[in-house]
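Q: This is the content of data06.cif (mmCIF, C-alpha atoms):
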data_data
#
loop_
_atom_site.label_atom_id
_atom_site.label_comp_id
_atom_site.auth_asym_id
_atom_site.auth_seq_id
_atom_site.Cartn_x
_atom_site.Cartn_y
_atom_site.Cartn_z
CA MET A 1 0.00 0.00 0.00
CA ILE A 2 1.28 3.48 -0.84
CA ASP A 3 2.04 5.77 2.10
CA ILE A 4 -0.84 8.28 2.36
CA LYS A 5 1.67 10.97 3.41
CA LYS A 6 3.45 10.57 0.09
CA ILE A 7 0.20 11.10 -1.78
CA LEU A 8 -0.59 14.23 0.25
CA GLU A 9 2.89 15.77 0.34
CA GLU A 10 4.16 14.67 -3.11
CA LYS A 11 0.90 14.47 -5.01
CA GLU A 12 2.19 15.43 -8.46
CA ALA A 13 5.25 13.15 -8.22
CA THR A 14 2.98 10.29 -7.10
CA LYS A 15 0.64 10.94 -10.01
CA GLN A 16 3.48 10.91 -12.54
CA ALA A 17 4.83 7.66 -11.09
CA LEU A 18 1.42 5.98 -11.34
CA LEU A 19 1.03 7.20 -14.91
CA LYS A 20 3.98 4.98 -15.81
CA ARG A 21 1.69 1.97 -15.35
CA LEU A 22 -1.90 3.28 -15.32
CA SER A 23 -4.02 5.60 -17.42
CA GLU A 24 -5.27 8.80 -15.82
CA GLU A 25 -8.82 7.37 -15.70
CA GLU A 26 -7.71 4.40 -13.54
CA PHE A 27 -6.95 6.36 -10.37
CA ASP A 28 -8.06 9.53 -8.59
CA LEU A 29 -5.67 11.04 -6.06
CA ASP A 30 -7.98 14.04 -5.50
CA SER A 31 -10.73 11.83 -4.08
CA ILE A 32 -8.18 10.11 -1.83
CA GLU A 33 -7.04 13.48 -0.51
CA GLU A 34 -10.64 14.59 0.06
CA LEU A 35 -11.45 11.39 1.96
CA TYR A 36 -8.33 11.75 4.09
CA LEU A 37 -9.22 15.35 5.02
CA ARG A 38 -12.81 14.30 5.81
CA LYS A 39 -11.50 11.44 7.96
CA LYS A 40 -9.21 13.86 9.81
CA GLU A 41 -12.08 16.29 10.43
CA LEU A 42 -14.41 13.53 11.64
CA GLN A 43 -11.69 12.19 13.94
CA GLN A 44 -11.30 15.63 15.55
CA GLN A 45 -15.07 15.96 16.01
CA PHE A 46 -15.30 12.46 17.43
CA ASP A 47 -12.45 13.06 19.89
CA THR A 48 -14.04 16.35 21.04
CA LYS A 49 -17.49 14.83 21.55
CA ARG A 50 -16.03 11.79 23.32
CA ALA A 51 -14.09 14.07 25.69
CA GLN A 52 -17.30 16.00 26.45
CA GLN A 53 -19.09 12.71 27.07
CA ASN A 54 -16.41 11.67 29.54
CA LYS A 55 -16.76 14.98 31.41
CA TYR A 56 -20.46 14.27 31.86
CA ASN A 57 -19.64 10.87 33.29
CA ASP A 58 -17.09 12.34 35.70
CA LYS A 59 -19.52 15.02 36.85
CA MET A 60 -22.39 12.61 37.36
CA ALA A 61 -20.23 10.27 39.40
CA ILE A 62 -20.16 12.76 42.29
CA MET A 63 -23.75 14.04 42.05
CA ASP A 64 -26.82 13.12 44.06
CA LYS A 65 -28.50 10.44 41.95
CA SER A 66 -31.97 11.58 43.10
CA SER A 67 -31.50 15.26 42.15
CA GLN A 68 -33.19 16.92 39.21
CA GLU A 69 -29.82 18.11 37.97
CA PHE A 70 -28.67 14.48 37.75
CA LYS A 71 -31.78 13.53 35.76
CA ASP A 72 -31.26 16.47 33.40
CA LEU A 73 -27.67 15.43 32.84
CA ILE A 74 -28.75 11.89 32.00
CA ASN A 75 -30.95 13.26 29.21
CA GLU A 76 -28.12 15.44 27.93
CA LEU A 77 -25.73 12.50 28.08
CA LYS A 78 -28.08 10.39 25.97
CA LYS A 79 -28.02 13.10 23.30
CA LYS A 80 -24.22 13.27 23.48
CA SER A 81 -24.01 9.47 23.18
CA GLU A 82 -26.12 9.52 20.03
CA GLU A 83 -23.91 12.23 18.56
CA VAL A 84 -20.78 10.22 19.39
CA LYS A 85 -22.25 7.05 17.85
CA LYS A 86 -23.19 8.91 14.66
CA LEU A 87 -19.72 10.45 14.36
CA GLU A 88 -18.07 7.10 15.01
CA ALA A 89 -20.15 5.44 12.28
CA ASP A 90 -19.32 8.24 9.81
CA LEU A 91 -15.65 8.01 10.72
CA ARG A 92 -15.51 4.22 10.24
CA GLU A 93 -17.33 4.45 6.89
CA THR A 94 -14.94 7.17 5.67
CA GLU A 95 -11.92 5.11 6.79
CA LYS A 96 -13.31 2.09 4.95
CA GLU A 97 -13.85 4.10 1.75
CA LEU A 98 -10.37 5.60 1.97
CA THR A 99 -8.77 2.19 2.48
CA SER A 100 -10.71 0.74 -0.46
CA LYS A 101 -9.22 3.39 -2.74
CA LEU A 102 -5.69 3.05 -1.36
CA GLU A 103 -5.51 -0.76 -1.38
CA VAL A 104 -6.16 -1.09 -5.13
CA LEU A 105 -3.44 1.36 -6.13
CA PRO A 106 -0.34 -0.44 -7.42
CA ASN A 107 3.11 0.27 -6.05
CA LEU A 108 5.03 3.28 -7.33
CA PRO A 109 7.67 2.27 -9.90
CA ASP A 110 11.29 3.16 -9.18
CA GLU A 111 12.66 6.14 -11.09
CA ASP A 112 14.78 3.98 -13.42
CA VAL A 113 11.84 1.74 -14.41
CA PRO A 114 10.63 2.60 -17.93
CA ALA A 115 7.02 3.62 -18.43
CA GLY A 116 4.49 1.62 -20.45
CA GLY A 117 3.88 -2.05 -21.10
CA LYS A 118 6.01 -5.02 -22.14
CA GLU A 119 6.87 -3.36 -25.43
CA ASN A 120 9.15 -1.09 -23.37
CA ASN A 121 10.93 -3.87 -21.45
CA GLU A 122 14.71 -3.54 -21.60
CA ASP A 123 17.13 -6.43 -22.27
CA ILE A 124 20.03 -5.83 -19.91
CA LYS A 125 21.98 -9.10 -20.17
CA VAL A 126 22.28 -12.01 -22.61
CA VAL A 127 24.26 -15.11 -21.62
CA GLY A 128 25.38 -17.96 -23.85
CA GLU A 129 24.41 -18.82 -27.39
CA LYS A 130 21.17 -20.21 -28.73
CA PRO A 131 21.67 -23.96 -29.17
CA THR A 132 22.03 -25.15 -32.75
CA PHE A 133 21.24 -28.58 -34.17
CA ASN A 134 22.21 -30.45 -37.33
CA PHE A 135 19.03 -32.52 -37.21
CA GLU A 136 15.30 -31.92 -37.02
CA ILE A 137 14.52 -31.24 -33.37
CA LYS A 138 11.50 -32.42 -31.38
CA ASP A 139 9.50 -30.37 -28.91
CA HIS A 140 9.51 -31.32 -25.23
CA THR A 141 6.15 -33.11 -25.36
CA ARG A 142 7.35 -35.54 -28.05
CA LEU A 143 10.68 -36.05 -26.31
CA ALA A 144 8.99 -36.65 -22.95
CA GLU A 145 6.48 -39.07 -24.46
CA ASN A 146 9.18 -41.07 -26.25
CA LEU A 147 11.31 -41.29 -23.09
CA GLY A 148 8.44 -41.83 -20.64
CA LEU A 149 9.02 -38.63 -18.71
CA LEU A 150 5.51 -37.15 -18.77
CA ASP A 151 1.97 -38.46 -19.17
CA MET A 152 -0.09 -35.46 -20.27
CA GLU A 153 -2.99 -37.61 -21.49
CA ARG A 154 -3.61 -39.20 -18.10
CA ALA A 155 -3.07 -35.84 -16.38
CA SER A 156 -5.94 -34.44 -18.45
CA LYS A 157 -8.10 -37.44 -17.59
CA ILE A 158 -7.41 -36.99 -13.89
CA SER A 159 -7.47 -33.19 -13.53
CA GLY A 160 -8.43 -31.56 -16.84
CA SER A 161 -6.37 -29.37 -19.13
CA ASN A 162 -3.11 -27.65 -18.16
CA PHE A 163 -1.95 -30.25 -15.65
CA SER A 164 0.92 -32.73 -15.87
CA VAL A 165 1.96 -36.10 -14.47
CA TYR A 166 5.72 -36.61 -14.21
CA THR A 167 6.66 -40.27 -14.50
CA GLY A 168 9.77 -42.36 -13.86
CA ILE A 169 13.00 -40.56 -14.62
CA GLY A 170 10.95 -37.47 -15.51
CA ALA A 171 9.74 -37.26 -11.91
CA ARG A 172 13.27 -37.82 -10.66
CA LEU A 173 14.64 -35.12 -12.98
CA GLU A 174 12.05 -32.65 -11.66
CA TRP A 175 13.05 -33.56 -8.11
CA ALA A 176 16.73 -33.24 -9.01
CA LEU A 177 16.12 -29.64 -10.09
CA ILE A 178 14.41 -28.84 -6.80
CA ASN A 179 17.19 -30.46 -4.75
CA PHE A 180 19.83 -28.59 -6.74
CA PHE A 181 18.14 -25.29 -5.93
CA ILE A 182 17.77 -26.23 -2.26
CA ASP A 183 21.49 -27.02 -1.93
CA GLU A 184 22.49 -23.81 -3.67
CA HIS A 185 20.31 -21.61 -1.45
CA ILE A 186 21.44 -23.27 1.77
CA GLN A 187 25.07 -22.74 0.77
CA ALA A 188 24.27 -19.05 0.20
CA GLY A 189 22.95 -18.67 3.75
CA TYR A 190 19.21 -18.78 3.11
CA GLU A 191 16.96 -20.52 5.65
CA MET A 192 14.72 -23.25 4.24
CA ILE A 193 10.97 -23.10 4.87
CA ILE A 194 8.36 -25.77 4.14
CA PRO A 195 5.15 -23.71 4.35
CA PRO A 196 1.43 -24.47 4.11
CA ASN A 197 -0.12 -24.38 0.65
CA LEU A 198 -3.30 -22.75 1.98
CA VAL A 199 -3.53 -19.30 3.56
CA VAL A 200 -6.21 -17.15 5.21
CA ARG A 201 -7.60 -14.03 3.51
CA GLU A 202 -5.43 -11.68 5.56
CA SER A 203 -2.30 -13.38 4.24
CA ALA A 204 -3.53 -13.10 0.65
CA TYR A 205 -4.33 -9.43 1.31
CA THR A 206 -0.88 -8.65 2.73
CA ALA A 207 0.84 -10.30 -0.24
CA GLY A 208 -1.31 -8.28 -2.66
CA GLN A 209 -3.68 -10.89 -4.09
CA LEU A 210 -6.65 -9.09 -2.54
CA PRO A 211 -8.83 -7.33 -3.28
CA LYS A 212 -7.92 -6.81 -6.93
CA PHE A 213 -6.94 -10.35 -7.97
CA GLU A 214 -9.40 -12.43 -5.98
CA GLU A 215 -10.73 -14.17 -9.10
CA ASP A 216 -7.26 -15.24 -10.25
CA VAL A 217 -6.63 -17.69 -7.40
CA TYR A 218 -8.35 -20.84 -6.14
CA TRP A 219 -10.49 -20.62 -2.99
CA THR A 220 -11.77 -23.39 -0.77
CA LYS A 221 -15.33 -23.33 0.55
CA GLU A 222 -13.84 -22.60 3.99
CA GLY A 223 -12.37 -19.36 2.63
CA LEU A 224 -8.74 -20.44 2.35
CA CYS A 225 -6.62 -19.49 -0.66
CA LEU A 226 -4.45 -22.00 -2.55
CA ILE A 227 -1.15 -20.16 -2.92
CA PRO A 228 -0.17 -18.94 -6.41
CA THR A 229 3.44 -18.73 -5.16
CA ALA A 230 5.37 -19.30 -1.93
CA GLU A 231 5.78 -15.51 -1.83
CA THR A 232 2.22 -15.36 -0.46
CA VAL A 233 3.31 -17.36 2.59
CA LEU A 234 6.79 -15.93 3.06
CA THR A 235 5.50 -12.34 2.95
CA ASN A 236 3.42 -13.04 6.07
CA ILE A 237 6.12 -14.53 8.32
CA TYR A 238 6.55 -11.24 10.21
CA ARG A 239 3.04 -9.81 9.78
CA ASP A 240 2.19 -7.54 12.74
CA GLU A 241 5.71 -7.88 14.16
CA ILE A 242 8.61 -5.51 14.82
CA LEU A 243 12.16 -6.76 14.16
CA ASP A 244 15.47 -5.24 15.24
CA GLU A 245 17.64 -3.68 12.56
CA GLU A 246 20.64 -5.70 13.73
CA ASP A 247 18.80 -8.91 12.77
CA LEU A 248 18.29 -7.82 9.15
CA PRO A 249 18.35 -8.92 6.42
CA LYS A 250 16.29 -12.07 6.90
CA LYS A 251 16.78 -14.52 4.03
CA PHE A 252 14.42 -17.43 3.35
CA PHE A 253 13.55 -19.84 0.59
CA ALA A 254 10.68 -22.27 0.21
CA TYR A 255 9.65 -25.07 -2.12
CA THR A 256 5.94 -25.29 -2.95
CA PRO A 257 3.63 -26.29 -5.72
CA CYS A 258 2.01 -23.13 -7.14
CA TYR A 259 -1.63 -22.92 -8.20
CA ARG A 260 -2.83 -20.48 -10.87
CA LYS A 261 -6.49 -20.33 -11.80
CA GLU A 262 -5.73 -18.69 -15.12
CA ALA A 263 -2.82 -20.31 -16.91
CA GLY A 264 -2.54 -17.25 -19.14
CA SER A 265 -3.32 -16.26 -22.69
CA TYR A 266 -2.19 -18.86 -25.13
CA ARG A 267 -0.25 -18.83 -28.33
CA ALA A 268 -0.94 -21.69 -30.70
CA ASN A 269 2.50 -23.23 -30.05
CA GLU A 270 2.28 -23.09 -26.24
CA LYS A 271 1.57 -26.58 -25.03
CA GLY A 272 2.80 -29.16 -22.58
CA LEU A 273 4.59 -27.55 -19.62
CA ILE A 274 4.68 -23.98 -20.96
CA ARG A 275 1.56 -22.83 -19.09
CA MET A 276 0.18 -24.84 -16.19
CA HIS A 277 -2.47 -24.49 -13.49
CA GLN A 278 -0.06 -26.22 -11.09
CA PHE A 279 3.73 -26.14 -11.19
CA ASN A 280 6.69 -26.43 -8.84
CA LYS A 281 8.82 -23.52 -7.74
CA VAL A 282 11.51 -22.67 -5.21
CA GLU A 283 11.06 -19.09 -4.03
CA MET A 284 13.69 -16.83 -2.46
CA TYR A 285 12.63 -14.03 -0.12
CA GLN A 286 14.29 -11.24 1.84
CA PHE A 287 13.20 -8.81 4.55
CA THR A 288 15.57 -5.83 4.61
CA THR A 289 16.02 -2.28 5.81
CA GLU A 290 15.04 0.61 3.58
CA GLU A 291 18.70 1.24 2.75
CA GLY A 292 19.47 -2.41 2.03
CA SER A 293 16.74 -3.31 -0.42
CA GLU A 294 18.43 -2.24 -3.65
CA GLU A 295 21.53 -4.29 -2.87
CA ALA A 296 19.30 -7.23 -1.96
CA LEU A 297 17.53 -6.98 -5.34
CA GLU A 298 20.81 -7.27 -7.19
CA GLU A 299 21.88 -10.20 -5.02
CA LEU A 300 18.64 -12.06 -5.76
CA ARG A 301 18.98 -11.35 -9.45
CA GLY A 302 22.53 -12.69 -9.43
CA ARG A 303 21.44 -15.85 -7.64
CA ALA A 304 18.66 -16.56 -10.15
CA GLU A 305 20.99 -15.96 -13.09
CA ASN A 306 23.67 -18.18 -11.57
CA LEU A 307 21.27 -21.11 -11.29
CA VAL A 308 20.38 -20.91 -14.98
CA GLU A 309 24.05 -20.57 -15.93
CA LYS A 310 24.98 -23.67 -13.91
CA LEU A 311 22.33 -25.59 -15.85
CA GLY A 312 24.12 -24.48 -19.03
CA LEU A 313 21.05 -22.84 -20.59
CA HIS A 314 20.98 -19.81 -22.87
CA TYR A 315 19.06 -16.94 -21.25
CA LYS A 316 18.57 -13.22 -21.04
CA THR A 317 17.68 -10.85 -18.20
CA VAL A 318 15.04 -8.20 -18.78
CA LYS A 319 14.15 -5.10 -16.76
CA LEU A 320 10.38 -4.84 -16.93
CA ALA A 321 8.53 -1.67 -17.82
CA ALA A 322 6.17 -0.39 -15.13
CA GLY A 323 3.03 -1.71 -16.81
CA ASP A 324 4.48 -5.23 -17.05
CA CYS A 325 5.47 -5.44 -13.36
CA SER A 326 3.17 -7.06 -10.84
CA SER A 327 1.02 -4.56 -8.99
CA VAL A 328 3.07 -4.87 -5.77
CA ALA A 329 6.50 -4.44 -7.38
CA ALA A 330 8.47 -1.20 -7.56
CA LYS A 331 11.06 -2.82 -9.85
CA THR A 332 11.28 -6.24 -11.49
CA TYR A 333 13.81 -8.24 -13.46
CA ASP A 334 12.79 -11.35 -15.38
CA VAL A 335 15.25 -14.12 -16.23
CA GLU A 336 14.06 -15.80 -19.44
CA VAL A 337 15.35 -19.04 -20.94
CA TRP A 338 15.40 -19.87 -24.65
CA ILE A 339 12.96 -22.52 -25.88
CA PRO A 340 14.41 -23.91 -29.14
CA THR A 341 11.27 -25.27 -30.87
CA ILE A 342 9.20 -22.17 -30.19
CA GLU A 343 12.20 -19.87 -30.76
CA GLN A 344 11.15 -17.60 -27.92
CA TYR A 345 12.31 -16.67 -24.44
CA TYR A 346 10.16 -17.61 -21.44
CA GLU A 347 10.40 -16.41 -17.85
CA VAL A 348 11.74 -18.84 -15.25
CA SER A 349 12.42 -16.26 -12.55
CA SER A 350 10.83 -12.97 -11.64
CA ILE A 351 12.88 -10.87 -9.19
CA SER A 352 11.12 -7.94 -7.53
CA ASN A 353 11.79 -5.20 -5.02
CA VAL A 354 8.43 -4.47 -3.39
CA ARG A 355 9.94 -1.87 -1.03
CA ASP A 356 7.50 -1.09 1.84
CA TYR A 357 4.26 -1.78 -0.09
CA GLN A 358 3.51 -5.21 1.42
CA ALA A 359 4.92 -4.23 4.81
CA ARG A 360 2.37 -1.44 5.10
CA ARG A 361 -0.44 -3.84 4.27
CA GLY A 362 0.81 -6.36 6.84
CA ASN A 363 2.13 -3.92 9.49
CA MET A 364 5.66 -5.39 9.29
CA ARG A 365 8.26 -3.09 10.81
CA TYR A 366 11.76 -2.85 12.25
CA ARG A 367 13.40 -0.80 14.98
CA THR A 368 16.52 1.11 13.94
CA GLU A 369 19.58 1.31 16.16
CA GLY A 370 18.38 4.80 17.13
CA GLY A 371 14.97 3.49 18.17
CA GLU A 372 12.97 4.71 15.16
CA ILE A 373 10.22 2.39 13.91
CA ARG A 374 10.18 1.93 10.12
CA TYR A 375 8.45 -0.36 7.66
CA LEU A 376 10.44 -3.34 6.37
CA HIS A 377 11.28 -3.71 2.70
CA THR A 378 10.36 -7.04 1.11
CA LEU A 379 11.84 -8.72 -1.95
CA ASN A 380 11.03 -11.94 -3.77
CA ALA A 381 12.64 -14.00 -6.53
CA SER A 382 11.92 -17.32 -8.17
CA GLY A 383 14.83 -19.56 -7.53
CA LEU A 384 13.62 -21.17 -9.81
CA ALA A 385 10.31 -22.27 -11.37
CA THR A 386 10.83 -25.76 -12.77
CA SER A 387 8.29 -26.45 -15.53
CA ARG A 388 9.70 -24.11 -18.18
CA LEU A 389 13.22 -25.06 -17.15
CA MET A 390 12.26 -28.65 -17.89
CA VAL A 391 11.09 -27.57 -21.35
CA ALA A 392 14.34 -25.69 -22.00
CA MET A 393 16.50 -28.57 -20.73
CA LEU A 394 14.75 -31.31 -22.71
CA GLU A 395 14.83 -29.33 -25.93
CA SER A 396 18.31 -27.80 -25.55
CA TYR A 397 20.03 -31.05 -24.51
CA GLN A 398 18.28 -33.38 -26.96
CA GLN A 399 20.43 -35.58 -29.18
CA GLN A 400 19.80 -36.85 -32.69
CA ASP A 401 18.87 -40.32 -31.39
CA GLY A 402 16.16 -38.80 -29.16
CA SER A 403 18.12 -39.10 -25.92
CA ILE A 404 18.64 -36.22 -23.47
CA VAL A 405 21.98 -35.28 -21.94
CA ILE A 406 21.51 -34.41 -18.26
CA PRO A 407 23.14 -31.14 -17.08
CA GLU A 408 26.23 -31.98 -15.07
CA VAL A 409 25.04 -30.22 -11.87
CA LEU A 410 22.00 -32.53 -11.69
CA ARG A 411 23.73 -35.88 -12.16
CA LYS A 412 24.60 -36.44 -8.51
CA TYR A 413 20.89 -36.32 -7.70
CA LEU A 414 20.24 -39.04 -10.27
CA GLY A 415 22.82 -41.55 -9.16
CA GLY A 416 25.41 -40.28 -11.65
CA LEU A 417 23.11 -40.74 -14.69
CA GLU A 418 24.48 -38.73 -17.61
CA LYS A 419 21.88 -39.35 -20.29
CA ILE A 420 18.21 -40.32 -20.55
CA GLU A 421 17.71 -42.87 -23.30
CA ALA A 422 14.67 -44.63 -24.67
CA LYS A 423 14.09 -48.10 -23.29
CA ASN A 424 14.31 -50.84 -25.90
#
What is this file in C-alpha cells?
A:
Amino acid sequence: MIDIKKILEEKEATKQALLKRLSEEEFDLDSIEELYLRKKELQQQFDTKRAQQNKYNDKMAIMDKSSQEFKDLINELKKKSEEVKKLEADLRETEKELTSKLEVLPNLPDEDVPAGGKENNEDIKVVGEKPTFNFEIKDHTRLAENLGLLDMERASKISGSNFSVYTGIGARLEWALINFFIDEHIQAGYEMIIPPNLVVRESAYTAGQLPKFEEDVYWTKEGLCLIPTAETVLTNIYRDEILDEEDLPKKFFAYTPCYRKEAGSYRANEKGLIRMHQFNKVEMYQFTTEEGSEEALEELRGRAENLVEKLGLHYKTVKLAAGDCSSVAAKTYDVEVWIPTIEQYYEVSSISNVRDYQARRGNMRYRTEGGEIRYLHTLNASGLATSRLMVAMLESYQQQDGSIVIPEVLRKYLGGLEKIEAKN
C-alpha cells in the first residue's frame, strides 16, 4: 500500500509515477485526498465529543442520583451518546472508503523503471548462445512421451487441461532440479521453509492478491486461498511484528507447488509444460532495511541468473517496464530461458523489489539502532520455477537419437546418470 503521506505531500510526483503503469482514468488522487481530510475532520469531532461525554460521566459520578440536575444530565448524556455514535459510524465508513481506494493502487515504480507495457521492457543481459542442431529437433512433449518422462494424457483425464503427471526418470529429474536449488540456497545462507499451501484471507491481502486479484486464485469453501506462489506465505512470516535492525536482512527460501487459476493467454504453439495451473517452484525471499533493499535486489537477481548458468542454458535478463510489473513491485527483473522449438524466451524467474508496499499492508516493521520504527522492505525472486526449465533442458540437450543429456550439476541427484535414453 502506498504511504498516504506521500500522496498528500508529493501528489504530483505520485501521479506521474502511477502514470507509468496506469491511465489517468484508472486512479483519482484528488478523491483520496478529500477522503483523508474528511476522515481527519471527523476524527477531531469524534475526539471532542467523546471528551465531552467523559466529562459528563465524571460530573455525574459525584452528584446526588436523586437530584433533578442528575436527571437532566442523564438526558443530555443520551443526546451526546447519540452524537458520538453517529460520528463514530461516519468516521468508520470514511476510513473504509479511503482504504478501499488506497488498497487497489499499485506500487510506485522506481525512477529507473521505464514507463508503459512489455513493449518497453529492456534487455540488460544475454548469456550464452542459442543452441544449434544439425538434425530436425523435437518439442519437449514428443521427447517426454518417447522417453516416458511425462503423461499429459492421463493428467488431463485426472485433472483436466493444463496439468501434468511426471513419470519415472521425468519425476526424478524434476526432483533433481528442486534439490539442486535447495542445496544452492542453503550454501548461500538462506533458511529453508516448508510452508502451508493454503492461507487465510489476511495473508492473501498482505501479499497483494486481494482485493484486486481475488478471481485469479483458487479458494476453498472454507475461505482459504491455494497459494499462487510461496511468496504469499513468506511475505506473512513477520506480519504484525517488529524486528530489530541488527537482525536484518532475513533470508528465506521455500519449495511449494504453485496454483494459478488462469494459466494465461495462449499462443498456438504453447503446449505441454509452458503454461500450467499447477507447477513447482523454489522461491527466495528477503526482509531488509530501507537502505538495504536495492543491494538485496541485485543479489537475488545474481542468484537466479547463476542457477540458470549452472544448468548451461541460454538466457537473457530483462528489466520490466512499469506496466508489465506485478502490482506490488516497484522494480522487477525477469530471467528468461530460450525454448528452441518455439524460438522464444520464457520467464523462469521474476525478481522484484516491493519496497514497503507489502509491509504497510501487513504492518511489518523494524526498529533502527536509534529506536525509530520503520516499515520493512520485502523482496522476492523465483529460484527457480521448474516447468519451463524442464522444457528448456529437454529441448536444448536433446540428441539426434532422441536421448537427453543431463546437465552436469544434476547428475549427482540421479545416481550419476548422464543421459536419458529410450528403453528398448
Q: Going by the chain IDs and residue numbers used in this file, which residues fall under the PyMOL selection byres ((chain A and resi 288) around 6)? Write them as a ChimeraX atom specification.
A: /A:248-249,287,289,292-293,376-377
Q: Could you list the residues chosen by the PyMOL selection byres ((chain A and resi 258) around 6) in this structure as a list in words?
A: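 Written out, the selection comes to Pro228, Thr229, Pro257, Tyr259, Gln278, Phe279 and Asn280 of chain A.
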Q: Include C-alpha atoms and write out the residues we just selected as an mmCIF file, keeping the file's coordinate frame.
A:
data_model
loop_
_atom_site.group_PDB
_atom_site.id
_atom_site.type_symbol
_atom_site.label_atom_id
_atom_site.label_comp_id
_atom_site.auth_asym_id
_atom_site.auth_seq_id
_atom_site.Cartn_x
_atom_site.Cartn_y
_atom_site.Cartn_z
ATOM 1 C CA PRO A 228 -0.170 -18.940 -6.410
ATOM 2 C CA THR A 229 3.440 -18.730 -5.160
ATOM 3 C CA PRO A 257 3.630 -26.290 -5.720
ATOM 4 C CA TYR A 259 -1.630 -22.920 -8.200
ATOM 5 C CA GLN A 278 -0.060 -26.220 -11.090
ATOM 6 C CA PHE A 279 3.730 -26.140 -11.190
ATOM 7 C CA ASN A 280 6.690 -26.430 -8.840
#
Q: Calculate how many Å separate CA of Ile4 (chain A) from CA of Thr99 (chain A), rounding to one decimal.
A: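 Computing the Euclidean distance for CA of Ile4 (chain A) and CA of Thr99 (chain A) yields 10.0 Å.
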Q: Got a sec to resolve the PyMOL selection byres ((chain A and resi 169-182) around 6) on this structure and send the residues as a ChimeraX atom specification?
A: /A:149,166-168,183-185,410,413
Q: Store the residues picked out above in a file with C-alpha atoms, as a PDB file, keeping the file's coordinate frame.
A:
ATOM      1  CA  LEU A 149       9.020 -38.630 -18.710  1.00  0.00           C
ATOM      2  CA  TYR A 166       5.720 -36.610 -14.210  1.00  0.00           C
ATOM      3  CA  THR A 167       6.660 -40.270 -14.500  1.00  0.00           C
ATOM      4  CA  GLY A 168       9.770 -42.360 -13.860  1.00  0.00           C
ATOM      5  CA  ASP A 183      21.490 -27.020  -1.930  1.00  0.00           C
ATOM      6  CA  GLU A 184      22.490 -23.810  -3.670  1.00  0.00           C
ATOM      7  CA  HIS A 185      20.310 -21.610  -1.450  1.00  0.00           C
ATOM      8  CA  LEU A 410      22.000 -32.530 -11.690  1.00  0.00           C
ATOM      9  CA  TYR A 413      20.890 -36.320  -7.700  1.00  0.00           C
TER      10      TYR A 413
END
Q: Measure the distance from CA of Phe253 (chain A) to CA of Val348 (chain A) in Å and round it to one decimal.
A: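 About the pair CA of Phe253 (chain A) and CA of Val348 (chain A): they are 16.0 Å apart.
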